[in-house]
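Some notes on the structure that comes next.
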Amino acid sequence: MDKKNKMISKKIAQFRGWIQGLATLLTNIHLPNFFKGKIYQGNGKKICVPGLNCYSCPAASGACPIGSFQAVVGSSHFKFAYYITGFFILLGVTLGRFICGFLCPFGWFQDLLHKIPTKKFSTEKLKTLRYLKYVILVVFVILLPVLMTNSIGMGNPFFCKYICPQGVLEGAIPLSLGNAAIRSALGKLFTFKSVILVSVIVLSILFYRPFCKWICPLGAIYSLFNKVSLLSIQVEHDKCVGCQQCTKACKMDVNVLKTPNHPECIRCGACMKVCPKNAIHYQFMGKDVSKDKNKLKEK
Amino acid sequence: MNLSKNIFKIVTLSAVLALTACSTKTNSAVSNTTQSSSSSETAGETDPELNDLYQQENQLFADHKEAWDKAFNMMNKGNADPSADYAEYLASAVEGNKDEFTEEEYKTLTEDLEKIREIEKKIAELESKQSTSASSEESSSESSFADLSGVDFDGNKVDKSLFSKNAVTVLNFWFTGCKPCVEELPKLNELNEAIKAKGGEVVGINTDTFNGSGSAIKDAKKVLEQQGAKYRNLSIDSSCDVGQYASNIMAFPTTVLVDRNGKIVGDPLLGGVDNQENYDALMKQIESVIAADSAAK
């Protein structure tokens with residue numbers, strides 16, 4: 001029992017909820033703005049945050065990378081968003097979808113919703129829907145903003161405008177509560193996106209992280225780096241007894257033993273928590289994050 | 001397992017509390033605005049209260065008419081300073097002519113003076129309350145532009161007198177990278193043509209061009225040309241009143257109507273006038289401002 005608790009990987013996984021809460025707070029640090037009905041417009045907004053977090057959230061500390069990407073490729077001034085693409089590559093190569101599991105505010109939101117005690121359903125049979133998020137990334141985040149432009153070359157941020165439920169949750173709802181002028185301007189689009197938000201909320205209660213699995217273009221980008229990222233998950237096969245507890249525990253439907261760094265893995269560490277042999281842990285640049293190897297050698 | 005359940009309970013509880021806190025906050029914000037209007041009403045109602053206090057003073061003078069008349073007669077009216085404390089003014093008159101009064105008269109006068117001092121104190125309180133509520137009313141209402149400074153896109157200086165030249169000025173706040181803003185430009189031009197003869201003008205305020213950035217003005221000019229918008233556009237100083245107003249706008253485009261005196265009329269319109277519904281609603285408002293202006297003449 002003592003040895004188990006000393007393992008860093010397991011500890012990280014155990015404190016995931018707190019890390020998520022802290023990350024959400026840091027991503028939305030300007031809390032008093034909620035009551036003012038205003039958004040922060042300072043220099044922090046020139047930087048992207050790692051998770052999916054609306055620029056128009058009154059408290060937001062930085063800009064949403066997906067929103068920024070669409071704004072840049074859709075503007076008449078720029079052809080391509082080099083800075084934001086570089087940002088995706090940097091974070092993707094360093095952490096991969098660890099960001100989804102630990103740093104994304106909308107991921108945390110879904111995690112909390114899933115804790116509401118009801119009957120839960122498996123997404124095992126809905127695996128094909130996983131590919132939808134890549135379609136959304138290519139079509140709504142890249143192609144439509146670039147191609148569907150007006151006479152002077154300006155595009156719409158299609159994903160933000162027509163899909164993103166985080167925009168309604170963090171942007172439209174708090175802003176309209178605090179700002180009468182914005183309240184008066186809410187129209188059909190708001191109704192439509194509220195329906196999306198409500199659907200995501202209901203689905204999140206019944207399924208684990210449906211938005212991350214099927215829709216999120218940011219998760220789709222980070223997933224591409226999961227196999228090559230500096231942070232990874234390692235299974236020590238000499239310790240493994242093949243009990244398959246890890247795969248059973250994985251809510252992202254990943255076969256942990258076969259593909260521990262599957263694109264769908266959000267590195268939540270549920271597998272580490274259940275492994276009876278402590279055979280699964282985080283690795284950074286090939287080095288174990290957990291101390292138990294050294295501990296074993298000492299013993 | 002138990003720990004996580006407890007954590008979950010705490011989180012949901014705090015979420016619920018946070019939500020309720022939010023709603024009470026907004027409620028209180030709403031009630032604040034209603035409060036300020038009701039306080040202005042009570043400010044009007046304090047007049048009878050003040051009157052009552054003055055009556056109390058007069059009653060004292062009437063009750064001891066002889067003594068007070070004697071005192072009043074001794075006062076040098078030329079010295080009367082209405083801004084000074086009235087009670088002290090009376091007291092100095094009584095004290096200065098102490099020898100002229102009988103002992104009994106002096107006693108009643110000093111007793112009355114005490115009462116008058118108290119009444120005066122109340123009056124001063126009420127008056128200061130009224131004036132602060134009046135001034136706070138003025139400062140809290142953002143319904144007027146105190147100043148405007150900047151240049152139009154051809155380099156001509158503009159100031160607040162811009163408003164006085166038209167019955168209504170339609171101020172359209174936009175920026176060059178804002179798609180809905182750019183898309184309503186042709187319709188705004190149409191609106192400008194339609195209201196020109198009636199004494200209205202559309203004026204664009206491009207927030208990218210604040211404080212006269214040359215390249216931003218060039219970009220904006222190009223977009224205006226492409227969209228066929230020929231009405232005036234301004235590059236204003238961000239520090240002026242209109243600039244401050246613009247920095248608080250959370251959604252673009254925003255359009256506001258300003259009357260001849262620089263006063264903002266009605267609520268700002270969020271969203272483009274290329275939506276016919278918005279255009280019609282704005283037109284209706286414009287017409288009513290023009291009608292009010294000609295009625296005032």
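Scheme for the structure tokens: letters A, B, ... for chains in order shown; per-chain residue numbers from 1; ligand numbers from 1 in order shown.
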
Extract the full set of alpha helix (DSSP H) residues from stretch 68-275 of chain B according to DSSP on the backbone, and format it as an mmCIF file with N, CA and C atoms, in the first residue's frame.
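Okay, this is what ended up in part-v5.cif:
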data_model
loop_
_atom_site.group_PDB
_atom_site.id
_atom_site.type_symbol
_atom_site.label_atom_id
_atom_site.label_comp_id
_atom_site.auth_asym_id
_atom_site.auth_seq_id
_atom_site.Cartn_x
_atom_site.Cartn_y
_atom_site.Cartn_z
ATOM 1 N N TRP B 68 -37.711 87.510 19.432
ATOM 2 C CA TRP B 68 -37.060 87.344 18.138
ATOM 3 C C TRP B 68 -37.166 88.618 17.297
ATOM 4 N N ASP B 69 -38.342 89.262 17.363
ATOM 5 C CA ASP B 69 -38.500 90.500 16.589
ATOM 6 C C ASP B 69 -37.467 91.528 17.015
ATOM 7 N N LYS B 70 -37.269 91.546 18.345
ATOM 8 C CA LYS B 70 -36.293 92.472 18.894
ATOM 9 C C LYS B 70 -34.899 92.158 18.327
ATOM 10 N N ALA B 71 -34.622 90.853 18.322
ATOM 11 C CA ALA B 71 -33.312 90.416 17.808
ATOM 12 C C ALA B 71 -33.172 90.753 16.333
ATOM 13 N N PHE B 72 -34.209 90.416 15.556
ATOM 14 C CA PHE B 72 -34.162 90.682 14.107
ATOM 15 C C PHE B 72 -33.937 92.153 13.827
ATOM 16 N N ASN B 73 -34.564 93.002 14.641
ATOM 17 C CA ASN B 73 -34.436 94.438 14.422
ATOM 18 C C ASN B 73 -33.012 94.926 14.628
ATOM 19 N N MET B 74 -32.323 94.215 15.512
ATOM 20 C CA MET B 74 -30.956 94.644 15.813
ATOM 21 C C MET B 74 -29.955 94.175 14.769
ATOM 22 N N TYR B 86 -26.658 79.496 9.216
ATOM 23 C CA TYR B 86 -27.741 80.392 9.636
ATOM 24 C C TYR B 86 -27.846 80.465 11.149
ATOM 25 N N ALA B 87 -27.702 79.301 11.818
ATOM 26 C CA ALA B 87 -27.812 79.266 13.275
ATOM 27 C C ALA B 87 -26.726 80.115 13.910
ATOM 28 N N GLU B 88 -25.497 79.992 13.383
ATOM 29 C CA GLU B 88 -24.381 80.780 13.926
ATOM 30 C C GLU B 88 -24.606 82.261 13.681
ATOM 31 N N TYR B 89 -25.177 82.569 12.549
ATOM 32 C CA TYR B 89 -25.474 83.954 12.196
ATOM 33 C C TYR B 89 -26.444 84.571 13.195
ATOM 34 N N LEU B 90 -27.491 83.803 13.525
ATOM 35 C CA LEU B 90 -28.458 84.278 14.525
ATOM 36 C C LEU B 90 -27.782 84.417 15.880
ATOM 37 N N ALA B 91 -26.973 83.395 16.213
ATOM 38 C CA ALA B 91 -26.329 83.382 17.523
ATOM 39 C C ALA B 91 -25.436 84.593 17.704
ATOM 40 N N SER B 92 -24.678 84.921 16.647
ATOM 41 C CA SER B 92 -23.765 86.052 16.768
ATOM 42 C C SER B 92 -24.555 87.349 16.965
ATOM 43 N N ALA B 93 -25.715 87.415 16.314
ATOM 44 C CA ALA B 93 -26.552 88.608 16.465
ATOM 45 C C ALA B 93 -27.066 88.724 17.903
ATOM 46 N N VAL B 94 -27.495 87.578 18.434
ATOM 47 C CA VAL B 94 -28.021 87.585 19.802
ATOM 48 C C VAL B 94 -26.907 87.916 20.788
ATOM 49 N N GLU B 95 -25.756 87.240 20.624
ATOM 50 C CA GLU B 95 -24.638 87.459 21.532
ATOM 51 C C GLU B 95 -24.151 88.910 21.476
ATOM 52 N N GLY B 96 -24.097 89.426 20.244
ATOM 53 C CA GLY B 96 -23.575 90.778 20.056
ATOM 54 C C GLY B 96 -24.431 91.848 20.734
ATOM 55 N N GLU B 103 -33.189 89.355 30.824
ATOM 56 C CA GLU B 103 -32.612 88.044 31.122
ATOM 57 C C GLU B 103 -33.484 86.906 30.572
ATOM 58 N N GLU B 104 -34.815 87.127 30.747
ATOM 59 C CA GLU B 104 -35.755 86.096 30.295
ATOM 60 C C GLU B 104 -35.704 85.952 28.772
ATOM 61 N N GLU B 105 -35.680 87.098 28.095
ATOM 62 C CA GLU B 105 -35.612 87.075 26.630
ATOM 63 C C GLU B 105 -34.353 86.351 26.171
ATOM 64 N N TYR B 106 -33.254 86.669 26.798
ATOM 65 C CA TYR B 106 -31.984 86.063 26.419
ATOM 66 C C TYR B 106 -32.017 84.547 26.594
ATOM 67 N N LYS B 107 -32.690 84.127 27.689
ATOM 68 C CA LYS B 107 -32.774 82.706 27.963
ATOM 69 C C LYS B 107 -33.577 81.972 26.861
ATOM 70 N N THR B 108 -34.753 82.529 26.534
ATOM 71 C CA THR B 108 -35.549 81.885 25.482
ATOM 72 C C THR B 108 -34.804 81.876 24.162
ATOM 73 N N LEU B 109 -34.134 82.984 23.896
ATOM 74 C CA LEU B 109 -33.421 83.059 22.618
ATOM 75 C C LEU B 109 -32.319 81.987 22.523
ATOM 76 N N THR B 110 -31.532 81.860 23.607
ATOM 77 C CA THR B 110 -30.456 80.867 23.566
ATOM 78 C C THR B 110 -31.020 79.449 23.493
ATOM 79 N N GLU B 111 -32.150 79.224 24.195
ATOM 80 C CA GLU B 111 -32.771 77.896 24.093
ATOM 81 C C GLU B 111 -33.213 77.614 22.667
ATOM 82 N N ASP B 112 -33.874 78.616 22.083
ATOM 83 C CA ASP B 112 -34.324 78.450 20.691
ATOM 84 C C ASP B 112 -33.143 78.238 19.751
ATOM 85 N N LEU B 113 -32.081 78.965 20.046
ATOM 86 C CA LEU B 113 -30.903 78.841 19.179
ATOM 87 C C LEU B 113 -30.380 77.396 19.141
ATOM 88 N N GLU B 114 -30.410 76.753 20.322
ATOM 89 C CA GLU B 114 -29.985 75.357 20.368
ATOM 90 C C GLU B 114 -30.803 74.502 19.414
ATOM 91 N N LYS B 115 -32.139 74.730 19.519
ATOM 92 C CA LYS B 115 -33.034 73.944 18.663
ATOM 93 C C LYS B 115 -32.771 74.235 17.191
ATOM 94 N N ILE B 116 -32.555 75.541 16.915
ATOM 95 C CA ILE B 116 -32.320 75.934 15.509
ATOM 96 C C ILE B 116 -31.033 75.292 14.982
ATOM 97 N N ARG B 117 -30.037 75.231 15.872
ATOM 98 C CA ARG B 117 -28.782 74.589 15.457
ATOM 99 C C ARG B 117 -29.029 73.152 14.992
ATOM 100 N N GLU B 118 -29.840 72.437 15.796
ATOM 101 C CA GLU B 118 -30.135 71.048 15.435
ATOM 102 C C GLU B 118 -30.876 70.946 14.119
ATOM 103 N N ILE B 119 -31.870 71.835 13.979
ATOM 104 C CA ILE B 119 -32.654 71.821 12.739
ATOM 105 C C ILE B 119 -31.762 72.121 11.541
ATOM 106 N N GLU B 120 -30.888 73.118 11.724
ATOM 107 C CA GLU B 120 -29.985 73.484 10.629
ATOM 108 C C GLU B 120 -29.079 72.309 10.237
ATOM 109 N N LYS B 121 -28.666 71.570 11.255
ATOM 110 C CA LYS B 121 -27.825 70.413 10.995
ATOM 111 C C LYS B 121 -28.546 69.407 10.094
ATOM 112 N N LYS B 122 -29.825 69.168 10.451
ATOM 113 C CA LYS B 122 -30.627 68.238 9.651
ATOM 114 C C LYS B 122 -30.796 68.735 8.225
ATOM 115 N N ILE B 123 -31.037 70.055 8.133
ATOM 116 C CA ILE B 123 -31.232 70.635 6.801
ATOM 117 C C ILE B 123 -29.973 70.440 5.954
ATOM 118 N N ALA B 124 -28.826 70.728 6.588
ATOM 119 C CA ALA B 124 -27.563 70.595 5.845
ATOM 120 C C ALA B 124 -27.371 69.159 5.365
ATOM 121 N N GLU B 125 -27.726 68.202 6.244
ATOM 122 C CA GLU B 125 -27.590 66.800 5.880
ATOM 123 C C GLU B 125 -28.440 66.460 4.671
ATOM 124 N N LEU B 126 -29.695 66.871 4.774
ATOM 125 C CA LEU B 126 -30.627 66.579 3.685
ATOM 126 C C LEU B 126 -30.156 67.182 2.375
ATOM 127 N N GLU B 127 -29.703 68.444 2.475
ATOM 128 C CA GLU B 127 -29.289 69.125 1.247
ATOM 129 C C GLU B 127 -28.075 68.453 0.614
ATOM 130 N N SER B 128 -27.130 68.028 1.472
ATOM 131 C CA SER B 128 -25.931 67.415 0.894
ATOM 132 C C SER B 128 -26.281 66.063 0.279
ATOM 133 N N LYS B 129 -27.213 65.352 0.934
ATOM 134 C CA LYS B 129 -27.651 64.075 0.400
ATOM 135 C C LYS B 129 -28.231 64.266 -0.999
ATOM 136 N N GLN B 130 -29.088 65.291 -1.083
ATOM 137 C CA GLN B 130 -29.749 65.552 -2.353
ATOM 138 C C GLN B 130 -28.733 65.867 -3.439
ATOM 139 N N SER B 131 -27.774 66.713 -3.098
ATOM 140 C CA SER B 131 -26.840 67.123 -4.139
ATOM 141 C C SER B 131 -25.941 65.964 -4.547
ATOM 142 N N THR B 132 -25.553 65.090 -3.569
ATOM 143 C CA THR B 132 -24.703 63.972 -3.973
ATOM 144 C C THR B 132 -25.488 62.994 -4.819
ATOM 145 N N SER B 133 -26.741 62.754 -4.460
ATOM 146 C CA SER B 133 -27.507 61.804 -5.262
ATOM 147 C C SER B 133 -27.708 62.366 -6.661
ATOM 148 N N ALA B 134 -27.860 63.683 -6.734
ATOM 149 C CA ALA B 134 -28.036 64.292 -8.045
ATOM 150 C C ALA B 134 -26.752 64.167 -8.857
ATOM 151 N N SER B 135 -25.616 64.395 -8.180
ATOM 152 C CA SER B 135 -24.367 64.351 -8.943
ATOM 153 C C SER B 135 -24.015 62.924 -9.331
ATOM 154 N N SER B 136 -24.314 61.949 -8.404
ATOM 155 C CA SER B 136 -23.994 60.580 -8.752
ATOM 156 C C SER B 136 -24.867 60.120 -9.920
ATOM 157 N N GLU B 137 -26.072 60.637 -9.934
ATOM 158 C CA GLU B 137 -26.971 60.336 -11.038
ATOM 159 C C GLU B 137 -26.332 60.776 -12.352
ATOM 160 N N GLU B 138 -25.770 61.970 -12.299
ATOM 161 C CA GLU B 138 -25.182 62.522 -13.502
ATOM 162 C C GLU B 138 -23.980 61.718 -13.961
ATOM 163 N N SER B 139 -23.109 61.352 -12.981
ATOM 164 C CA SER B 139 -21.877 60.690 -13.377
ATOM 165 C C SER B 139 -22.139 59.250 -13.793
ATOM 166 N N SER B 140 -23.187 58.622 -13.195
ATOM 167 C CA SER B 140 -23.428 57.231 -13.520
ATOM 168 C C SER B 140 -24.091 57.071 -14.893
ATOM 169 N N SER B 161 -18.595 69.337 -31.931
ATOM 170 C CA SER B 161 -19.522 70.137 -32.740
ATOM 171 C C SER B 161 -20.104 69.314 -33.889
ATOM 172 N N LEU B 162 -19.458 68.184 -34.170
ATOM 173 C CA LEU B 162 -19.972 67.287 -35.208
ATOM 174 C C LEU B 162 -21.429 66.903 -34.938
ATOM 175 N N PHE B 163 -21.743 66.657 -33.665
ATOM 176 C CA PHE B 163 -23.109 66.259 -33.312
ATOM 177 C C PHE B 163 -24.101 67.395 -33.529
ATOM 178 N N SER B 164 -23.669 68.621 -33.204
ATOM 179 C CA SER B 164 -24.621 69.741 -33.223
ATOM 180 C C SER B 164 -25.072 70.088 -34.631
ATOM 181 N N LYS B 179 -16.056 40.755 -39.867
ATOM 182 C CA LYS B 179 -16.803 40.428 -41.076
ATOM 183 C C LYS B 179 -18.211 41.027 -41.092
ATOM 184 N N PRO B 180 -18.990 40.816 -40.020
ATOM 185 C CA PRO B 180 -20.335 41.409 -40.046
ATOM 186 C C PRO B 180 -20.309 42.935 -40.158
ATOM 187 N N CYS B 181 -19.277 43.562 -39.583
ATOM 188 C CA CYS B 181 -19.161 45.021 -39.685
ATOM 189 C C CYS B 181 -18.974 45.432 -41.141
ATOM 190 N N VAL B 182 -18.050 44.744 -41.800
ATOM 191 C CA VAL B 182 -17.719 45.081 -43.181
ATOM 192 C C VAL B 182 -18.925 44.819 -44.082
ATOM 193 N N GLU B 183 -19.660 43.762 -43.745
ATOM 194 C CA GLU B 183 -20.778 43.399 -44.608
ATOM 195 C C GLU B 183 -21.953 44.357 -44.518
ATOM 196 N N LEU B 185 -21.566 47.625 -44.344
ATOM 197 C CA LEU B 185 -21.145 48.933 -44.827
ATOM 198 C C LEU B 185 -22.004 49.460 -45.990
ATOM 199 N N PRO B 186 -22.295 48.623 -47.008
ATOM 200 C CA PRO B 186 -23.127 49.138 -48.096
ATOM 201 C C PRO B 186 -24.500 49.615 -47.613
ATOM 202 N N LYS B 187 -25.045 48.867 -46.665
ATOM 203 C CA LYS B 187 -26.379 49.212 -46.154
ATOM 204 C C LYS B 187 -26.320 50.507 -45.326
ATOM 205 N N LEU B 188 -25.215 50.686 -44.616
ATOM 206 C CA LEU B 188 -25.044 51.927 -43.850
ATOM 207 C C LEU B 188 -24.944 53.115 -44.800
ATOM 208 N N ASN B 189 -24.293 52.895 -45.942
ATOM 209 C CA ASN B 189 -24.195 53.955 -46.937
ATOM 210 C C ASN B 189 -25.590 54.316 -47.440
ATOM 211 N N GLU B 190 -26.375 53.297 -47.678
ATOM 212 C CA GLU B 190 -27.755 53.504 -48.122
ATOM 213 C C GLU B 190 -28.531 54.296 -47.072
ATOM 214 N N LEU B 191 -28.315 53.927 -45.811
ATOM 215 C CA LEU B 191 -28.987 54.617 -44.709
ATOM 216 C C LEU B 191 -28.576 56.092 -44.680
ATOM 217 N N ASN B 192 -27.293 56.337 -44.874
ATOM 218 C CA ASN B 192 -26.791 57.712 -44.861
ATOM 219 C C ASN B 192 -27.464 58.543 -45.951
ATOM 220 N N GLU B 193 -27.576 57.968 -47.156
ATOM 221 C CA GLU B 193 -28.223 58.673 -48.256
ATOM 222 C C GLU B 193 -29.681 58.969 -47.913
ATOM 223 N N ALA B 194 -30.311 57.994 -47.247
ATOM 224 C CA ALA B 194 -31.744 58.128 -46.961
ATOM 225 C C ALA B 194 -32.030 59.198 -45.902
ATOM 226 N N ILE B 195 -31.118 59.399 -44.965
ATOM 227 C CA ILE B 195 -31.437 60.333 -43.873
ATOM 228 C C ILE B 195 -30.765 61.698 -44.039
ATOM 229 N N LYS B 196 -29.881 61.812 -45.020
ATOM 230 C CA LYS B 196 -29.147 63.062 -45.252
ATOM 231 C C LYS B 196 -30.092 64.257 -45.314
ATOM 232 N N GLY B 214 -1.641 55.437 -39.288
ATOM 233 C CA GLY B 214 -1.695 55.663 -40.732
ATOM 234 C C GLY B 214 -2.046 54.427 -41.544
ATOM 235 N N SER B 215 -1.375 53.305 -41.259
ATOM 236 C CA SER B 215 -1.612 52.116 -42.073
ATOM 237 C C SER B 215 -3.004 51.555 -41.815
ATOM 238 N N ALA B 216 -3.488 51.686 -40.574
ATOM 239 C CA ALA B 216 -4.829 51.189 -40.255
ATOM 240 C C ALA B 216 -5.887 52.008 -41.003
ATOM 241 N N ILE B 217 -5.656 53.331 -41.107
ATOM 242 C CA ILE B 217 -6.591 54.175 -41.851
ATOM 243 C C ILE B 217 -6.594 53.770 -43.319
ATOM 244 N N LYS B 218 -5.417 53.470 -43.839
ATOM 245 C CA LYS B 218 -5.302 53.065 -45.242
ATOM 246 C C LYS B 218 -6.100 51.785 -45.488
ATOM 247 N N ASP B 219 -5.915 50.793 -44.585
ATOM 248 C CA ASP B 219 -6.638 49.524 -44.711
ATOM 249 C C ASP B 219 -8.147 49.738 -44.671
ATOM 250 N N ALA B 220 -8.568 50.553 -43.690
ATOM 251 C CA ALA B 220 -9.997 50.798 -43.510
ATOM 252 C C ALA B 220 -10.573 51.508 -44.732
ATOM 253 N N LYS B 221 -9.815 52.459 -45.258
ATOM 254 C CA LYS B 221 -10.261 53.215 -46.441
ATOM 255 C C LYS B 221 -10.485 52.285 -47.630
ATOM 256 N N LYS B 222 -9.569 51.337 -47.753
ATOM 257 C CA LYS B 222 -9.638 50.399 -48.870
ATOM 258 C C LYS B 222 -10.927 49.576 -48.763
ATOM 259 N N VAL B 223 -11.202 49.087 -47.543
ATOM 260 C CA VAL B 223 -12.406 48.275 -47.331
ATOM 261 C C VAL B 223 -13.659 49.109 -47.591
ATOM 262 N N LEU B 224 -13.654 50.367 -47.121
ATOM 263 C CA LEU B 224 -14.812 51.246 -47.323
ATOM 264 C C LEU B 224 -15.055 51.443 -48.814
ATOM 265 N N GLU B 225 -13.969 51.619 -49.544
ATOM 266 C CA GLU B 225 -14.081 51.840 -50.980
ATOM 267 C C GLU B 225 -14.656 50.607 -51.660
ATOM 268 N N GLN B 226 -14.109 49.440 -51.270
ATOM 269 C CA GLN B 226 -14.570 48.192 -51.872
ATOM 270 C C GLN B 226 -16.045 47.957 -51.592
ATOM 271 N N ASP B 241 -14.232 60.831 -24.834
ATOM 272 C CA ASP B 241 -15.410 60.154 -24.299
ATOM 273 C C ASP B 241 -15.936 59.059 -25.239
ATOM 274 N N VAL B 242 -15.976 59.370 -26.513
ATOM 275 C CA VAL B 242 -16.464 58.391 -27.489
ATOM 276 C C VAL B 242 -15.488 57.206 -27.562
ATOM 277 N N GLY B 243 -14.199 57.488 -27.456
ATOM 278 C CA GLY B 243 -13.184 56.438 -27.464
ATOM 279 C C GLY B 243 -13.333 55.506 -26.272
ATOM 280 N N GLN B 244 -13.614 56.098 -25.105
ATOM 281 C CA GLN B 244 -13.835 55.310 -23.893
ATOM 282 C C GLN B 244 -15.059 54.417 -24.047
ATOM 283 N N TYR B 245 -16.096 55.005 -24.635
ATOM 284 C CA TYR B 245 -17.326 54.249 -24.865
ATOM 285 C C TYR B 245 -17.021 53.032 -25.751
ATOM 286 N N ALA B 246 -16.235 53.275 -26.788
ATOM 287 C CA ALA B 246 -15.903 52.206 -27.737
ATOM 288 C C ALA B 246 -15.123 51.082 -27.062
ATOM 289 N N SER B 247 -14.254 51.446 -26.106
ATOM 290 C CA SER B 247 -13.438 50.408 -25.478
ATOM 291 C C SER B 247 -14.277 49.496 -24.597
#

Write out as an mmCIF file with C-alpha atoms, in the first residue's frame all residues of stretch 67-234 of chain A that DSSP puts in strand (DSSP E) for this structure's backbone.
data_model
loop_
_atom_site.group_PDB
_atom_site.id
_atom_site.type_symbol
_atom_site.label_atom_id
_atom_site.label_comp_id
_atom_site.auth_asym_id
_atom_site.auth_seq_id
_atom_site.Cartn_x
_atom_site.Cartn_y
_atom_site.Cartn_z
ATOM 1 C CA LEU A 231 5.241 12.558 -22.616
ATOM 2 C CA SER A 232 3.952 9.050 -23.123
ATOM 3 C CA ILE A 233 2.503 6.079 -21.300
ATOM 4 C CA GLN A 234 4.568 2.970 -20.876
#

Q | Residues within 12 Å of B:Ile264, only C-alpha atoms, excluding chain neighbours under 5 positions, as a list of chain:residue names | A |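 Listed by chain and then number, they are B:Ser141, B:Glu142, B:Ser143, B:Ser144, B:Phe145, B:Ala146, B:Phe163, B:Val168, B:Thr169, B:Val170, B:Leu171, B:Val242, B:Tyr245, B:Thr255, B:Val256, B:Leu257, B:Val258, B:Asp259, B:Leu269, B:Gln285, B:Ile286, B:Val289.
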
Residue selection dump (N, CA and C atoms) as a compact mmCIF listing (two decimals), in the first residue's frame:
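Everything below was put into out.txt:
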# COMPACT_ATOMS: atom_id res chain seq x y z
N SER B 141 -24.78 58.10 -15.32
CA SER B 141 -25.44 57.96 -16.61
C SER B 141 -24.42 58.20 -17.71
N GLU B 142 -24.24 57.14 -18.55
CA GLU B 142 -23.28 57.28 -19.62
C GLU B 142 -24.02 57.70 -20.88
N SER B 143 -25.12 58.35 -20.70
CA SER B 143 -26.00 58.56 -21.83
C SER B 143 -25.62 59.77 -22.66
N SER B 144 -24.44 60.34 -22.38
CA SER B 144 -24.08 61.52 -23.13
C SER B 144 -22.59 61.51 -23.43
N PHE B 145 -22.22 61.99 -24.62
CA PHE B 145 -20.80 62.10 -24.94
C PHE B 145 -20.31 63.49 -24.59
N ALA B 146 -19.41 63.57 -23.61
CA ALA B 146 -18.91 64.88 -23.17
C ALA B 146 -17.96 65.47 -24.21
N PHE B 163 -21.74 66.66 -33.66
CA PHE B 163 -23.11 66.26 -33.31
C PHE B 163 -24.10 67.39 -33.53
N VAL B 168 -29.73 64.12 -35.89
CA VAL B 168 -29.33 62.83 -35.34
C VAL B 168 -28.05 62.36 -36.04
N THR B 169 -27.11 61.87 -35.23
CA THR B 169 -25.89 61.29 -35.79
C THR B 169 -25.91 59.80 -35.48
N VAL B 170 -25.77 59.00 -36.54
CA VAL B 170 -25.76 57.55 -36.36
C VAL B 170 -24.30 57.11 -36.25
N LEU B 171 -23.86 56.80 -35.03
CA LEU B 171 -22.47 56.41 -34.83
C LEU B 171 -22.36 54.90 -34.97
N VAL B 242 -15.98 59.37 -26.51
CA VAL B 242 -16.46 58.39 -27.49
C VAL B 242 -15.49 57.21 -27.56
N TYR B 245 -16.10 55.00 -24.64
CA TYR B 245 -17.33 54.25 -24.87
C TYR B 245 -17.02 53.03 -25.75
N THR B 255 -24.15 50.11 -33.09
CA THR B 255 -24.58 51.39 -33.64
C THR B 255 -25.39 52.14 -32.60
N VAL B 256 -25.05 53.41 -32.37
CA VAL B 256 -25.82 54.22 -31.42
C VAL B 256 -26.28 55.51 -32.08
N LEU B 257 -27.42 56.01 -31.61
CA LEU B 257 -27.94 57.28 -32.12
C LEU B 257 -27.59 58.39 -31.13
N VAL B 258 -27.12 59.51 -31.68
CA VAL B 258 -26.73 60.63 -30.85
C VAL B 258 -27.49 61.86 -31.32
N ASP B 259 -28.07 62.60 -30.38
CA ASP B 259 -28.83 63.78 -30.80
C ASP B 259 -27.91 65.00 -30.89
N LEU B 269 -27.65 49.47 -30.83
CA LEU B 269 -28.03 48.32 -31.66
C LEU B 269 -26.81 47.45 -31.88
N GLN B 285 -36.33 54.62 -35.10
CA GLN B 285 -35.74 55.38 -34.00
C GLN B 285 -35.15 56.69 -34.51
N ILE B 286 -34.48 56.62 -35.67
CA ILE B 286 -33.89 57.83 -36.26
C ILE B 286 -34.97 58.87 -36.50
N VAL B 289 -36.10 60.57 -33.39
CA VAL B 289 -35.14 61.57 -32.89
C VAL B 289 -35.25 62.85 -33.71

(Q) Give me the residues near B:Cys178 as a list in words, where near means some atom within 10 Å (using only C-alpha atoms) and where sequence neighbours in that chain fewer than 5 positions away do not count. (A) Ala71, Ser75, Met154, Gly155 and Asn156 of chain A; Glu183, Phe252 and Pro253 of chain B

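Each of B:Ala296, B:Leu148, B:Ala251, B:Ile205 was checked against chain A using only C-alpha atoms; the smallest atom-to-atom distance is that of B:Ala251.
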
Q) Using only C-alpha atoms, which chain A residues lie at most 8 Å away from chain B, written as a VMD selection string? A) chain A and resid 35 38 to 39 75 to 76 112 115 152 154 to 156 177 to 178 181 to 182 184 to 185

Q | A:Ala172 surroundings by only C-alpha atoms, 9 Å radius, close-in-sequence under 5 positions cut, as a PyMOL selection string | A | chain A and resi 56-57+167+177+182-183+186+190

**Q.** For A:Cys265: contacts at 9 Å, only C-alpha atoms, fewer than 6 positions along chain excluded, given as a ChimeraX atom specification
**A.** /A:97-98,101,223,226,250,252-254,256

Q) A:Pro32, A:Gly219, A:Pro157, A:Gly187: which is nearest A:Ala60, counting only C-alpha atoms? A) A:Pro32

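Residues with any atom within 10 Å of A:Ile29, counting only C-alpha atoms and excluding same-chain neighbours fewer than 6 positions away, are Ala23, Tyr40, Pro58, Ala59, Ala60, Ser61 and Gly62 of chain A.
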